[in-house]
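Okay, final03.csv now, which holds CSV, C-alpha atoms:
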```
chain,number,residue,atom,x,y,z
A,58,MET,CA,20.5,-1.0,15.2
A,59,THR,CA,17.1,-1.7,16.6
A,60,PHE,CA,17.0,-5.2,18.1
A,61,ALA,CA,13.8,-7.3,18.3
A,62,ASN,CA,13.2,-9.9,21.0
A,63,VAL,CA,10.1,-12.0,20.5
A,64,GLY,CA,9.2,-14.8,22.9
A,65,THR,CA,6.7,-17.3,24.2
A,66,LEU,CA,6.7,-18.2,27.8
A,67,GLY,CA,4.8,-21.3,29.1
A,68,ALA,CA,2.8,-20.9,32.3
A,69,ILE,CA,1.7,-23.6,34.6
A,70,PRO,CA,-2.0,-24.3,33.8
A,71,GLY,CA,-4.2,-21.6,35.4
A,72,LYS,CA,-1.3,-19.2,36.0
A,73,ARG,CA,-1.1,-17.5,32.7
A,74,ASP,CA,-2.8,-14.3,33.8
A,75,GLU,CA,-0.6,-14.1,36.9
A,76,LEU,CA,2.4,-14.3,34.6
A,77,VAL,CA,0.9,-11.5,32.4
A,78,ALA,CA,0.5,-9.4,35.6
A,79,ILE,CA,4.2,-9.9,36.5
A,80,LEU,CA,5.4,-9.1,33.0
A,81,THR,CA,3.2,-6.0,32.7
A,82,ALA,CA,4.0,-4.5,36.1
A,83,ARG,CA,5.2,-0.9,35.5
A,84,ASN,CA,9.0,-0.7,35.2
A,85,ASP,CA,10.3,2.6,33.7
A,86,ALA,CA,13.9,1.4,34.2
A,87,LEU,CA,13.4,-0.7,31.1
A,88,ARG,CA,12.9,2.4,29.0
A,89,GLU,CA,15.9,4.0,30.6
A,90,VAL,CA,18.2,1.2,29.4
A,91,GLY,CA,16.8,1.4,25.9
A,92,CYS,CA,13.5,-0.5,25.7
A,93,MET,CA,11.5,1.1,22.9
A,94,LEU,CA,8.5,-1.4,22.9
A,95,TYR,CA,7.4,-4.2,25.3
A,96,GLU,CA,4.1,-5.7,24.5
A,97,VAL,CA,2.7,-8.7,26.5
A,98,GLY,CA,-0.3,-10.7,25.3
A,99,THR,CA,-2.3,-13.9,25.1
A,100,ASN,CA,-4.1,-16.1,22.6
A,101,ASN,CA,-6.9,-18.1,23.9
A,102,GLU,CA,-6.2,-20.9,21.5
A,103,ASP,CA,-3.1,-21.5,23.6
A,104,PRO,CA,-4.3,-20.8,27.2
A,105,ASP,CA,-1.0,-21.6,29.0
A,106,THR,CA,1.3,-19.3,26.9
A,107,VAL,CA,2.2,-15.7,27.3
A,108,TYR,CA,3.6,-13.8,24.3
A,109,VAL,CA,6.0,-10.9,24.4
A,110,VAL,CA,7.3,-8.6,21.7
A,111,GLU,CA,10.1,-6.3,22.5
A,112,LEU,CA,12.1,-3.7,20.6
A,113,TRP,CA,15.4,-2.4,22.0
A,114,GLU,CA,17.8,0.3,20.9
A,115,SER,CA,20.4,-2.5,20.5
A,116,ALA,CA,21.1,-6.1,21.4
A,117,ASP,CA,23.4,-4.7,24.2
A,118,ALA,CA,20.5,-2.7,25.6
A,119,HIS,CA,18.4,-5.9,25.8
A,120,GLN,CA,21.3,-7.7,27.5
A,121,ALA,CA,21.8,-4.9,30.0
A,122,SER,CA,18.2,-5.0,31.0
A,123,LEU,CA,18.6,-8.5,32.3
A,124,GLN,CA,20.9,-7.1,35.0
A,125,LEU,CA,18.3,-4.7,36.3
A,126,GLN,CA,17.2,-5.5,39.8
A,127,GLU,CA,13.5,-5.1,38.8
A,128,VAL,CA,13.9,-7.6,36.0
A,129,ARG,CA,15.8,-10.1,38.2
A,130,ASP,CA,13.0,-9.7,40.8
A,131,ALA,CA,10.3,-10.3,38.1
A,132,ILE,CA,12.1,-13.4,36.9
A,133,GLU,CA,12.3,-14.7,40.5
A,134,SER,CA,8.6,-14.1,41.1
A,135,ALA,CA,7.7,-15.7,37.8
A,136,ARG,CA,9.9,-18.8,38.2
A,137,PRO,CA,7.4,-20.8,40.3
A,138,ILE,CA,4.6,-20.4,37.7
A,139,LEU,CA,6.7,-21.0,34.6
A,140,SER,CA,6.3,-24.4,32.9
A,141,GLY,CA,9.7,-24.3,31.4
A,142,GLU,CA,8.5,-24.1,27.8
A,143,PHE,CA,10.1,-21.2,26.0
A,144,GLY,CA,10.1,-20.1,22.3
A,145,GLY,CA,10.7,-17.2,20.1
A,146,PHE,CA,13.4,-15.5,18.1
A,147,GLN,CA,15.5,-12.4,17.9
A,148,PHE,CA,16.4,-10.2,14.9
A,149,ASP,CA,18.0,-7.0,13.8
A,150,VAL,CA,15.4,-4.6,12.4
A,151,GLN,CA,16.2,-3.7,8.7
A,152,GLY,CA,13.2,-1.4,8.0
A,153,SER,CA,9.5,-0.9,7.9
A,154,PRO,CA,6.8,-0.1,5.2
A,155,ILE,CA,5.2,2.4,7.5
A,156,ARG,CA,8.0,4.6,8.6
A,157,ASP,CA,11.3,6.0,7.3
B,11,MET,CA,-7.8,-4.6,21.4
B,12,THR,CA,-4.3,-4.4,19.9
B,13,PHE,CA,-3.5,-7.4,17.9
B,14,ALA,CA,0.1,-8.7,17.3
B,15,ASN,CA,1.2,-10.7,14.3
B,16,VAL,CA,4.7,-12.1,14.5
B,17,GLY,CA,6.1,-14.1,11.7
B,18,THR,CA,9.0,-15.8,10.0
B,19,LEU,CA,9.2,-16.1,6.2
B,20,GLY,CA,11.6,-18.4,4.5
B,21,ALA,CA,13.4,-17.0,1.5
B,22,ILE,CA,15.0,-19.0,-1.3
B,23,PRO,CA,18.8,-19.0,-0.5
B,24,GLY,CA,20.4,-15.8,-1.5
B,25,LYS,CA,17.0,-13.9,-1.8
B,26,ARG,CA,16.5,-12.9,1.8
B,27,ASP,CA,17.5,-9.2,1.2
B,28,GLU,CA,15.3,-9.0,-1.8
B,29,LEU,CA,12.4,-10.2,0.3
B,30,VAL,CA,13.3,-7.6,3.0
B,31,ALA,CA,13.1,-4.9,0.3
B,32,ILE,CA,9.7,-6.0,-0.8
B,33,LEU,CA,8.4,-6.1,2.7
B,34,THR,CA,9.8,-2.7,3.6
B,35,ALA,CA,8.7,-0.9,0.5
B,36,ARG,CA,6.8,2.2,1.7
B,37,ASN,CA,3.1,1.5,2.0
B,38,ASP,CA,1.1,4.1,3.9
B,39,ALA,CA,-2.2,2.3,3.2
B,40,LEU,CA,-1.2,-0.1,6.0
B,41,ARG,CA,-1.3,2.6,8.5
B,42,GLU,CA,-4.6,3.8,7.1
B,43,VAL,CA,-6.3,0.4,7.8
B,44,GLY,CA,-4.9,0.3,11.3
B,45,CYS,CA,-1.3,-0.8,11.3
B,46,MET,CA,0.5,0.6,14.3
B,47,LEU,CA,3.9,-1.1,13.9
B,48,TYR,CA,5.5,-3.2,11.2
B,49,GLU,CA,9.1,-4.0,11.7
B,50,VAL,CA,11.0,-6.3,9.3
B,51,GLY,CA,14.4,-7.8,10.1
B,52,THR,CA,17.0,-10.5,9.8
B,53,ASN,CA,19.3,-12.6,12.0
B,54,ASN,CA,22.5,-13.7,10.4
B,55,GLU,CA,22.4,-17.0,12.3
B,56,ASP,CA,19.5,-17.9,10.0
B,57,PRO,CA,20.5,-16.3,6.6
B,58,ASP,CA,17.4,-17.5,4.7
B,59,THR,CA,14.7,-16.1,7.0
B,60,VAL,CA,13.0,-12.8,7.2
B,61,TYR,CA,11.3,-11.8,10.5
B,62,VAL,CA,8.3,-9.5,10.9
B,63,VAL,CA,6.6,-8.0,13.9
B,64,GLU,CA,3.4,-6.2,13.4
B,65,LEU,CA,0.9,-4.5,15.8
B,66,TRP,CA,-2.6,-3.7,14.6
B,67,GLU,CA,-5.5,-1.8,16.1
B,68,SER,CA,-7.5,-5.1,15.9
B,69,ALA,CA,-7.4,-8.6,14.4
B,70,ASP,CA,-10.0,-7.3,11.9
B,71,ALA,CA,-7.6,-4.5,10.8
B,72,HIS,CA,-4.9,-7.0,10.1
B,73,GLN,CA,-7.4,-9.1,8.1
B,74,ALA,CA,-8.5,-6.1,6.1
B,75,SER,CA,-4.9,-5.3,5.2
B,76,LEU,CA,-4.7,-8.5,3.3
B,77,GLN,CA,-7.3,-7.2,0.9
B,78,LEU,CA,-5.2,-4.1,0.0
B,79,GLN,CA,-4.0,-4.1,-3.6
B,80,GLU,CA,-0.5,-3.0,-2.4
B,81,VAL,CA,-0.4,-6.0,-0.1
B,82,ARG,CA,-1.6,-8.4,-2.8
B,83,ASP,CA,1.0,-7.0,-5.2
B,84,ALA,CA,3.7,-7.5,-2.6
B,85,ILE,CA,2.7,-11.1,-2.0
B,86,GLU,CA,2.7,-11.7,-5.7
B,87,SER,CA,6.2,-10.2,-6.2
B,88,ALA,CA,7.5,-12.1,-3.1
B,89,ARG,CA,6.0,-15.5,-4.1
B,90,PRO,CA,8.8,-16.6,-6.5
B,91,ILE,CA,11.5,-16.1,-3.8
B,92,LEU,CA,9.6,-17.6,-0.9
B,93,SER,CA,10.8,-21.1,0.2
B,94,GLY,CA,7.4,-22.0,1.6
B,95,GLU,CA,8.6,-22.1,5.2
B,96,PHE,CA,6.5,-19.9,7.5
B,97,GLY,CA,6.3,-19.6,11.3
B,98,GLY,CA,5.2,-17.2,14.0
B,99,PHE,CA,2.2,-16.6,16.2
B,100,GLN,CA,-0.5,-14.0,16.9
B,101,PHE,CA,-1.8,-12.7,20.2
B,102,ASP,CA,-4.0,-10.0,21.8
B,103,VAL,CA,-2.0,-7.5,23.6
B,104,GLN,CA,-2.9,-7.3,27.4
B,105,GLY,CA,-0.4,-4.7,28.5
B,106,SER,CA,3.1,-3.4,28.8
B,107,PRO,CA,5.6,-2.6,31.6
B,108,ILE,CA,6.6,0.6,29.9
B,109,ARG,CA,3.3,2.4,29.0
B,110,ASP,CA,-0.1,2.8,30.5
```
Write out the structure in this file as structure tokens.
Amino acid sequence: MTFANVGTLGAIPGKRDELVAILTARNDALREVGCMLYEVGTNNEDPDTVYVVELWESADAHQASLQLQEVRDAIESARPILSGEFGGFQFDVQGSPIRD
Amino acid sequence: MTFANVGTLGAIPGKRDELVAILTARNDALREVGCMLYEVGTNNEDPDTVYVVELWESADAHQASLQLQEVRDAIESARPILSGEFGGFQFDVQGSPIRD
């Protein structure tokens, strides 16, 4: 079952775009472990937050991705510019009005 | 610029799946006005909430969709089973680690 992971990551003021750059660095290994969609974005009404929307082939695929060296490296390089504020939610996809 | 709309909709206890059915009823008009992705789901840790993740060609496309008769009809049919609790966020997509 497709698994959705939606999140908000707080960046230290002025570091939001640097965090976006880390999260959008090309990483094809994510697709290999079952990432179907990974979109990163911003909303200028909240200048210190980065938003992510991810779809995975399963919750297990998402979990497995956290063991990838590239993901661990990204988390390490992001750590100094994270504010520590996190949000979001996860869910199992049940369907869509625009596809079968 | 791709626009993401992420939301949580509270359902009256016991009506979550009925709300999922309304939100996943096929509606190709959404794609015609610029909907790129519309995924609806649940998380059993929160049995009265329905989650949606949407990607649109633009914020304007999302806004235009709210004028579609099919969408208005869906909102009307959902109204009686909504608890009134809403959440989520919107953002402009800046990039992705798994596509150009």
Box along x, y and z, 8 Å on every side, all listed atoms of range 21-29 of chain B inside: centre and edge lengths in Å to one decimal, as AutoDock Vina command-line options.
```
--center_x 16.4 --center_y -14.0 --center_z 0.0 --size_x 24.0 --size_y 26.0 --size_z 19.6
```
Could you write out as a PDB file with C-alpha atoms, in the frame of the given file the residues of chain A within 8 Å of chain B, counting all atoms listed in the file?
```pdb
ATOM      1  CA  VAL A  77       0.900 -11.500  32.400  1.00  0.00           C
ATOM      2  CA  LEU A  80       5.400  -9.100  33.000  1.00  0.00           C
ATOM      3  CA  THR A  81       3.200  -6.000  32.700  1.00  0.00           C
ATOM      4  CA  ALA A  82       4.000  -4.500  36.100  1.00  0.00           C
ATOM      5  CA  ARG A  83       5.200  -0.900  35.500  1.00  0.00           C
ATOM      6  CA  ASN A  84       9.000  -0.700  35.200  1.00  0.00           C
ATOM      7  CA  ASP A  85      10.300   2.600  33.700  1.00  0.00           C
ATOM      8  CA  LEU A  87      13.400  -0.700  31.100  1.00  0.00           C
ATOM      9  CA  ARG A  88      12.900   2.400  29.000  1.00  0.00           C
ATOM     10  CA  LEU A  94       8.500  -1.400  22.900  1.00  0.00           C
ATOM     11  CA  TYR A  95       7.400  -4.200  25.300  1.00  0.00           C
ATOM     12  CA  GLU A  96       4.100  -5.700  24.500  1.00  0.00           C
ATOM     13  CA  VAL A  97       2.700  -8.700  26.500  1.00  0.00           C
ATOM     14  CA  GLY A  98      -0.300 -10.700  25.300  1.00  0.00           C
ATOM     15  CA  THR A  99      -2.300 -13.900  25.100  1.00  0.00           C
ATOM     16  CA  ASN A 100      -4.100 -16.100  22.600  1.00  0.00           C
ATOM     17  CA  TYR A 108       3.600 -13.800  24.300  1.00  0.00           C
ATOM     18  CA  VAL A 110       7.300  -8.600  21.700  1.00  0.00           C
ATOM     19  CA  GLN A 147      15.500 -12.400  17.900  1.00  0.00           C
ATOM     20  CA  PHE A 148      16.400 -10.200  14.900  1.00  0.00           C
ATOM     21  CA  ASP A 149      18.000  -7.000  13.800  1.00  0.00           C
ATOM     22  CA  VAL A 150      15.400  -4.600  12.400  1.00  0.00           C
ATOM     23  CA  GLN A 151      16.200  -3.700   8.700  1.00  0.00           C
ATOM     24  CA  GLY A 152      13.200  -1.400   8.000  1.00  0.00           C
ATOM     25  CA  SER A 153       9.500  -0.900   7.900  1.00  0.00           C
ATOM     26  CA  PRO A 154       6.800  -0.100   5.200  1.00  0.00           C
ATOM     27  CA  ILE A 155       5.200   2.400   7.500  1.00  0.00           C
ATOM     28  CA  ARG A 156       8.000   4.600   8.600  1.00  0.00           C
TER      29      ARG A 156
END
```
Chain B onto chain A, all Cα, least squares, as a PDB file with C-alpha atoms, in the frame of the given file:
```pdb
ATOM      1  CA  MET B  11      20.524  -0.980  15.182  1.00  0.00           C
ATOM      2  CA  THR B  12      17.091  -1.790  16.629  1.00  0.00           C
ATOM      3  CA  PHE B  13      16.987  -5.188  18.072  1.00  0.00           C
ATOM      4  CA  ALA B  14      13.759  -7.309  18.374  1.00  0.00           C
ATOM      5  CA  ASN B  15      13.167  -9.980  20.967  1.00  0.00           C
ATOM      6  CA  VAL B  16      10.043 -12.040  20.466  1.00  0.00           C
ATOM      7  CA  GLY B  17       9.155 -14.740  22.857  1.00  0.00           C
ATOM      8  CA  THR B  18       6.716 -17.285  24.188  1.00  0.00           C
ATOM      9  CA  LEU B  19       6.656 -18.265  27.877  1.00  0.00           C
ATOM     10  CA  GLY B  20       4.834 -21.280  29.114  1.00  0.00           C
ATOM     11  CA  ALA B  21       2.833 -20.830  32.275  1.00  0.00           C
ATOM     12  CA  ILE B  22       1.749 -23.573  34.662  1.00  0.00           C
ATOM     13  CA  PRO B  23      -1.978 -24.247  33.804  1.00  0.00           C
ATOM     14  CA  GLY B  24      -4.205 -21.681  35.306  1.00  0.00           C
ATOM     15  CA  LYS B  25      -1.284 -19.179  35.989  1.00  0.00           C
ATOM     16  CA  ARG B  26      -1.076 -17.496  32.622  1.00  0.00           C
ATOM     17  CA  ASP B  27      -2.831 -14.253  33.826  1.00  0.00           C
ATOM     18  CA  GLU B  28      -0.669 -14.103  36.857  1.00  0.00           C
ATOM     19  CA  LEU B  29       2.380 -14.280  34.637  1.00  0.00           C
ATOM     20  CA  VAL B  30       0.896 -11.510  32.404  1.00  0.00           C
ATOM     21  CA  ALA B  31       0.566  -9.331  35.529  1.00  0.00           C
ATOM     22  CA  ILE B  32       4.142  -9.852  36.488  1.00  0.00           C
ATOM     23  CA  LEU B  33       5.368  -9.073  33.047  1.00  0.00           C
ATOM     24  CA  THR B  34       3.258  -5.947  32.715  1.00  0.00           C
ATOM     25  CA  ALA B  35       4.006  -4.510  36.097  1.00  0.00           C
ATOM     26  CA  ARG B  36       5.178  -0.918  35.479  1.00  0.00           C
ATOM     27  CA  ASN B  37       8.936  -0.751  35.133  1.00  0.00           C
ATOM     28  CA  ASP B  38      10.300   2.502  33.742  1.00  0.00           C
ATOM     29  CA  ALA B  39      13.920   1.355  34.185  1.00  0.00           C
ATOM     30  CA  LEU B  40      13.403  -0.689  30.999  1.00  0.00           C
ATOM     31  CA  ARG B  41      12.878   2.356  28.999  1.00  0.00           C
ATOM     32  CA  GLU B  42      15.872   3.976  30.644  1.00  0.00           C
ATOM     33  CA  VAL B  43      18.245   1.188  29.405  1.00  0.00           C
ATOM     34  CA  GLY B  44      16.834   1.390  25.914  1.00  0.00           C
ATOM     35  CA  CYS B  45      13.552  -0.436  25.660  1.00  0.00           C
ATOM     36  CA  MET B  46      11.439   1.039  22.910  1.00  0.00           C
ATOM     37  CA  LEU B  47       8.488  -1.390  22.951  1.00  0.00           C
ATOM     38  CA  TYR B  48       7.424  -4.213  25.222  1.00  0.00           C
ATOM     39  CA  GLU B  49       4.069  -5.665  24.526  1.00  0.00           C
ATOM     40  CA  VAL B  50       2.748  -8.693  26.463  1.00  0.00           C
ATOM     41  CA  GLY B  51      -0.267 -10.725  25.355  1.00  0.00           C
ATOM     42  CA  THR B  52      -2.225 -13.928  25.142  1.00  0.00           C
ATOM     43  CA  ASN B  53      -4.065 -16.063  22.573  1.00  0.00           C
ATOM     44  CA  ASN B  54      -6.926 -18.078  23.902  1.00  0.00           C
ATOM     45  CA  GLU B  55      -6.159 -20.906  21.469  1.00  0.00           C
ATOM     46  CA  ASP B  56      -3.092 -21.546  23.635  1.00  0.00           C
ATOM     47  CA  PRO B  57      -4.347 -20.801  27.239  1.00  0.00           C
ATOM     48  CA  ASP B  58      -1.027 -21.618  28.963  1.00  0.00           C
ATOM     49  CA  THR B  59       1.268 -19.302  26.986  1.00  0.00           C
ATOM     50  CA  VAL B  60       2.221 -15.731  27.384  1.00  0.00           C
ATOM     51  CA  TYR B  61       3.607 -13.843  24.336  1.00  0.00           C
ATOM     52  CA  VAL B  62       6.039 -10.922  24.390  1.00  0.00           C
ATOM     53  CA  VAL B  63       7.324  -8.604  21.722  1.00  0.00           C
ATOM     54  CA  GLU B  64      10.074  -6.275  22.582  1.00  0.00           C
ATOM     55  CA  LEU B  65      12.109  -3.696  20.554  1.00  0.00           C
ATOM     56  CA  TRP B  66      15.379  -2.385  21.938  1.00  0.00           C
ATOM     57  CA  GLU B  67      17.779   0.318  20.838  1.00  0.00           C
ATOM     58  CA  SER B  68      20.440  -2.464  20.509  1.00  0.00           C
ATOM     59  CA  ALA B  69      21.117  -6.108  21.387  1.00  0.00           C
ATOM     60  CA  ASP B  70      23.426  -4.729  24.120  1.00  0.00           C
ATOM     61  CA  ALA B  71      20.505  -2.736  25.637  1.00  0.00           C
ATOM     62  CA  HIS B  72      18.414  -5.837  25.850  1.00  0.00           C
ATOM     63  CA  GLN B  73      21.341  -7.665  27.508  1.00  0.00           C
ATOM     64  CA  ALA B  74      21.813  -4.886  30.011  1.00  0.00           C
ATOM     65  CA  SER B  75      18.142  -5.038  30.968  1.00  0.00           C
ATOM     66  CA  LEU B  76      18.665  -8.483  32.289  1.00  0.00           C
ATOM     67  CA  GLN B  77      20.972  -7.088  34.924  1.00  0.00           C
ATOM     68  CA  LEU B  78      18.276  -4.708  36.301  1.00  0.00           C
ATOM     69  CA  GLN B  79      17.171  -5.578  39.825  1.00  0.00           C
ATOM     70  CA  GLU B  80      13.495  -5.062  38.766  1.00  0.00           C
ATOM     71  CA  VAL B  81      13.994  -7.577  35.986  1.00  0.00           C
ATOM     72  CA  ARG B  82      15.729 -10.090  38.258  1.00  0.00           C
ATOM     73  CA  ASP B  83      12.935  -9.708  40.813  1.00  0.00           C
ATOM     74  CA  ALA B  84      10.356 -10.321  38.116  1.00  0.00           C
ATOM     75  CA  ILE B  85      12.090 -13.468  36.929  1.00  0.00           C
ATOM     76  CA  GLU B  86      12.287 -14.677  40.472  1.00  0.00           C
ATOM     77  CA  SER B  87       8.557 -14.067  41.155  1.00  0.00           C
ATOM     78  CA  ALA B  88       7.635 -15.643  37.753  1.00  0.00           C
ATOM     79  CA  ARG B  89       9.845 -18.764  38.185  1.00  0.00           C
ATOM     80  CA  PRO B  90       7.389 -20.829  40.310  1.00  0.00           C
ATOM     81  CA  ILE B  91       4.595 -20.463  37.685  1.00  0.00           C
ATOM     82  CA  LEU B  92       6.717 -21.006  34.607  1.00  0.00           C
ATOM     83  CA  SER B  93       6.271 -24.441  32.904  1.00  0.00           C
ATOM     84  CA  GLY B  94       9.758 -24.342  31.434  1.00  0.00           C
ATOM     85  CA  GLU B  95       8.541 -24.079  27.848  1.00  0.00           C
ATOM     86  CA  PHE B  96      10.080 -21.122  25.997  1.00  0.00           C
ATOM     87  CA  GLY B  97      10.140 -20.142  22.308  1.00  0.00           C
ATOM     88  CA  GLY B  98      10.652 -17.138  20.079  1.00  0.00           C
ATOM     89  CA  PHE B  99      13.414 -15.545  18.070  1.00  0.00           C
ATOM     90  CA  GLN B 100      15.483 -12.348  17.874  1.00  0.00           C
ATOM     91  CA  PHE B 101      16.414 -10.256  14.869  1.00  0.00           C
ATOM     92  CA  ASP B 102      17.957  -6.917  13.795  1.00  0.00           C
ATOM     93  CA  VAL B 103      15.437  -4.631  12.411  1.00  0.00           C
ATOM     94  CA  GLN B 104      16.203  -3.598   8.719  1.00  0.00           C
ATOM     95  CA  GLY B 105      13.185  -1.443   8.033  1.00  0.00           C
ATOM     96  CA  SER B 106       9.484  -0.888   7.894  1.00  0.00           C
ATOM     97  CA  PRO B 107       6.819  -0.174   5.226  1.00  0.00           C
ATOM     98  CA  ILE B 108       5.191   2.401   7.429  1.00  0.00           C
ATOM     99  CA  ARG B 109       8.047   4.683   8.684  1.00  0.00           C
ATOM    100  CA  ASP B 110      11.255   6.049   7.338  1.00  0.00           C
TER     101      ASP B 110
END
```
At what distance in Å, to one decimal, does CA of Thr106 in chain A lie from CA of Leu66 in chain A? 5.6 Å
A:Leu76, A:Val128, A:Val90, A:Pro137 ranked by distance to Trp113 in chain A, top pick (using only C-alpha atoms): A:Val90
When you draw a straight line from CA of Lys72 in chain A to CA of Ala121 in chain A, how long is it in Å? 27.8 Å
Quick one, how far is CA of Asp70 in chain B from CA of Ala88 in chain B? 23.5 Å
Which residues are close to Ile69 in chain A, i.e. within 7 Å by all atoms listed in the file, leaving aside same-chain residues fewer than 2 positions away? Reply as a VMD selection string. chain A and resid 67 71 to 73 105 138 to 140
I need the chosen residues saved as a short mmCIF file (atom, residue, chain, number, x, y, z; two decimals), in the coordinates of the input, with C-alpha atoms.
```cif
data_model
loop_
_atom_site.label_atom_id
_atom_site.label_comp_id
_atom_site.auth_asym_id
_atom_site.auth_seq_id
_atom_site.Cartn_x
_atom_site.Cartn_y
_atom_site.Cartn_z
CA GLY A 67 4.80 -21.30 29.10
CA GLY A 71 -4.20 -21.60 35.40
CA LYS A 72 -1.30 -19.20 36.00
CA ARG A 73 -1.10 -17.50 32.70
CA ASP A 105 -1.00 -21.60 29.00
CA ILE A 138 4.60 -20.40 37.70
CA LEU A 139 6.70 -21.00 34.60
CA SER A 140 6.30 -24.40 32.90
#
```
Do a neighbour search on Gly91 in chain A at 9 Å with all atoms listed in the file, toss out local chain neighbours closer than 6 positions, and write the hits as a list in words.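 The residues satisfying every condition are Leu112, Trp113, Glu114, Ser115, Ala118, His119 and Ser122 of chain A.
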